[in-house]
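Only one structure is covered here, and it is reproduced in the block below.
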Amino acid sequence: MGVIDKLREKNFDRWLGGYARHLARSATDRPYEGTRHVLFAVCDHYEPLWNRPDHATAVARVEAWHEKYPKVTAGFVDADGRGPQHSFFFPGEEYHDDFFDLIDDMVRKGHGEVELHLHHDGATEETMREEVLRYLDIYADRGHLPRDPDGRIRYAFIHGNWCLANARPDGRWCGVDAELPLLFETGCYADFTFPAAPDVSQPNIVNQIYWPTGDLARRRAYEQGRPARVGEQFGDRMLMITGPLGFALRDNKPLPRLEYGALTAHDPGRASRVKTWVDQNIHIEGRPEWIFVKVYTHGAPEAQGASLLGDGGRSLHEGLAAYND
């Protein structure tokens, strides 16, 4: 297999052009000389029923977070003196009262928040809308998710398997081309699905916060967009908030590694990774001093949970603490 074939196998052709444009923008940006602010989020595709365990095992996964997350984050605060809050993007199709009894308690104590995560396959606009509204009502009734003055629920979203807007060529794991308008109509203010590299769903817009443009009902409508700017707002679409995507040097190895912000048991957060994320300089035009870093994980399974709730989680927060100067 040639180099080109290997690159296509990993779907580099989907996003390398966008990454080149990101590098070109970065080369012409004037370095900000004042105090910078890092706005950091861990967006967890939180799936207690991953790999279809028995119910007791799934409950134990949530209990581990309930018990250990406050301990591993103890002593870490941001510049405003506030402790870490984990973002549980909980899949609606995995909802159970006893999972949320524990998560609710964490949220009440200031250790987290709940947003919507959804897996589906072969959905239609009608079935997806019904699902989304049902899960939003459940979450809101439990005290999660804000509301507009008119009572409309507002939420952030992550698409399961990264297949936003029917992204896969084979049509699996979605089914709804017009997913972006549907999400906005049901109250979604921002999507946090990407980056998805090396998955085929990865867009060609890299390291940007942007508004999708063009026909938003088309498949992969997130492929075209307008960079978000201070003072500019659209009342008919949600914001796309992407995390860092690029390359980083490996420890004691000559070739760089692909960095896409995934926290895993084998690749936990640490100071060198935090620096790479911050260096991507994802920001809103007009506010160069605000750097947005969105990373993700699948924190419920035992291996990831043990890392995030142990040494991996502590090293992540130690790396972030270095920016509290």
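In the structure tokens, chains take letters A, B, ... by order of appearance, with residues numbered from 1 within each chain and ligands from 1 in the order shown.
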Sort by chain and increasing residue number a table of all residues of segment 225-301 of chain A within 12 Å of segment 159-177 of chain A, each with its closest pair of atoms and their distance in Å to one decimal, counting only C-alpha atoms, and write it as CSV.
```
residue,atom,partner,partner_atom,distance
A:Met240,CA,A:Leu164,CA,11.3
A:Tyr296,CA,A:Trp162,CA,11.9
A:His298,CA,A:Gly160,CA,11.0
```
| task | Check the DSSP output for the backbone and give back, as a PyMOL selection string, the residues of segment 35-275 of chain A in alpha helix (DSSP H). | result | chain A and resi 55-72+97-108+125-141+179-185+271-275
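With only C-alpha atoms as the atoms that count, the residue of A:Ile241, A:Leu320, A:Gly310, A:Tyr260 with the shortest distance to Asp199 of chain A is A:Tyr260.
For the residues A:Gly75, A:Met238, A:Glu131, A:Ala123, ranking by smallest atom-to-atom distance to Tyr155 of chain A using only C-alpha atoms places A:Met238 first.
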| message | as a ChimeraX atom specification, please: every residue in segment 9-72 of chain A that DSSP puts in strand (DSSP E). | response | /A:37-45
| message | Please list as a ChimeraX atom specification every residue within 12 Å of Phe12 of chain A, counting only C-alpha atoms and excluding residues in the same chain fewer than 3 positions away. | response | /A:3-9,15-20,196-204,245-246,258
| message | Which residues are near Ala321 of chain A? Cut-off 12 Å, only C-alpha atoms, ignore same chain within fewer than 3 positions. Put them as a PyMOL selection string. | response | chain A and resi 38+40+73+75-79+81+83-84+270-271+274-275+314-318+324-325
Filtering to N, CA, C and O atoms, could you give me those residues as a short mmCIF file (atom, residue, chain, number, x, y, z; two decimals), in the first residue's frame?
```cif
data_model
loop_
_atom_site.label_atom_id
_atom_site.label_comp_id
_atom_site.auth_asym_id
_atom_site.auth_seq_id
_atom_site.Cartn_x
_atom_site.Cartn_y
_atom_site.Cartn_z
N VAL A 38 -7.83 30.62 29.07
CA VAL A 38 -8.10 29.31 28.50
C VAL A 38 -9.45 28.82 29.01
O VAL A 38 -9.64 28.66 30.22
N PHE A 40 -11.75 25.78 29.05
CA PHE A 40 -11.47 24.35 28.86
C PHE A 40 -12.70 23.51 29.18
O PHE A 40 -13.40 23.76 30.17
N THR A 73 -10.33 15.64 41.77
CA THR A 73 -10.28 17.05 41.40
C THR A 73 -10.13 17.97 42.61
O THR A 73 -10.05 19.20 42.45
N GLY A 75 -8.82 20.31 45.30
CA GLY A 75 -7.66 21.20 45.36
C GLY A 75 -7.38 21.94 44.07
O GLY A 75 -6.56 22.87 44.06
N PHE A 76 -8.04 21.55 42.97
CA PHE A 76 -7.85 22.24 41.70
C PHE A 76 -8.97 23.25 41.51
O PHE A 76 -10.15 22.92 41.65
N VAL A 77 -8.61 24.48 41.18
CA VAL A 77 -9.60 25.52 40.91
C VAL A 77 -9.14 26.35 39.73
O VAL A 77 -7.96 26.38 39.38
N ASP A 78 -10.11 27.03 39.09
CA ASP A 78 -9.74 27.92 37.99
C ASP A 78 -9.44 29.31 38.54
O ASP A 78 -9.36 29.52 39.75
N ALA A 79 -9.27 30.26 37.63
CA ALA A 79 -8.87 31.61 38.05
C ALA A 79 -9.95 32.30 38.87
O ALA A 79 -9.66 33.28 39.57
N GLY A 81 -11.64 30.60 41.14
CA GLY A 81 -11.78 29.82 42.36
C GLY A 81 -12.80 28.70 42.28
O GLY A 81 -13.18 28.12 43.31
N GLY A 83 -14.05 24.92 41.11
CA GLY A 83 -13.48 23.61 40.84
C GLY A 83 -13.95 23.04 39.50
O GLY A 83 -14.90 23.54 38.89
N PRO A 84 -13.29 21.98 39.01
CA PRO A 84 -13.66 21.36 37.74
C PRO A 84 -15.09 20.83 37.76
O PRO A 84 -15.57 20.33 38.77
N ARG A 270 -1.96 15.28 29.95
CA ARG A 270 -0.70 15.61 30.62
C ARG A 270 -0.27 16.97 30.10
O ARG A 270 -0.82 17.50 29.13
N ALA A 271 0.74 17.54 30.74
CA ALA A 271 1.12 18.92 30.45
C ALA A 271 1.48 19.14 28.97
O ALA A 271 1.10 20.15 28.38
N VAL A 274 -1.71 19.33 26.95
CA VAL A 274 -2.41 20.59 27.20
C VAL A 274 -1.78 21.72 26.39
O VAL A 274 -2.48 22.54 25.77
N LYS A 275 -0.46 21.76 26.35
CA LYS A 275 0.22 22.79 25.56
C LYS A 275 -0.13 22.68 24.09
O LYS A 275 -0.38 23.71 23.42
N ARG A 314 -5.55 13.29 37.40
CA ARG A 314 -4.73 14.22 38.18
C ARG A 314 -3.67 14.89 37.29
O ARG A 314 -3.45 16.11 37.41
N SER A 315 -3.06 14.14 36.39
CA SER A 315 -2.05 14.76 35.51
C SER A 315 -2.69 15.78 34.57
O SER A 315 -2.08 16.80 34.24
N LEU A 316 -3.93 15.52 34.14
CA LEU A 316 -4.64 16.48 33.31
C LEU A 316 -4.83 17.80 34.05
O LEU A 316 -4.51 18.88 33.53
N HIS A 317 -5.32 17.73 35.28
CA HIS A 317 -5.60 18.95 36.03
C HIS A 317 -4.31 19.64 36.49
O HIS A 317 -4.28 20.88 36.59
N GLU A 318 -3.26 18.88 36.70
CA GLU A 318 -1.97 19.51 36.98
C GLU A 318 -1.47 20.28 35.77
O GLU A 318 -0.93 21.39 35.89
N ASN A 324 -3.00 28.73 35.33
CA ASN A 324 -3.57 29.62 36.34
C ASN A 324 -2.48 30.50 36.94
O ASN A 324 -2.09 30.34 38.09
N ASP A 325 -2.00 31.44 36.14
CA ASP A 325 -0.89 32.27 36.59
C ASP A 325 -1.36 33.65 37.04
O ASP A 325 -0.58 34.58 37.07
#
```
| request: Name the closest residue to Thr193 of chain A among the candidates A:Arg14, A:His66, A:Arg30, A:His117; distances are taken between atoms, counting only C-alpha atoms. | output: A:His117
| task | Name the residues in contact with Gly92 of chain A at a cut-off of 6 Å, using only C-alpha atoms, excluding same-chain residues fewer than 3 positions from it; report them as a ChimeraX atom specification. | result | /A:95,118,135
| message | Taking 4 positions as the minimum chain separation for residues in the same chain, which residues sit within 10 Å of Ile138 of chain A when counting only C-alpha atoms? Answer as a ChimeraX atom specification. | response | /A:92,95,97,133-134,142-144
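Reported to one decimal place, the separation of atom CA of Phe234 of chain A from atom CA of Ala190 of chain A is 12.0 Å.
Put simply, atom CA of His96 of chain A is 13.9 Å away from atom CA of Pro53 of chain A.
You can rank A:Leu263, A:Ala56, A:Ile284, A:Ile103 by their closest distance to Leu239 of chain A using only C-alpha atoms, and at the top of that list sits A:Ile284.
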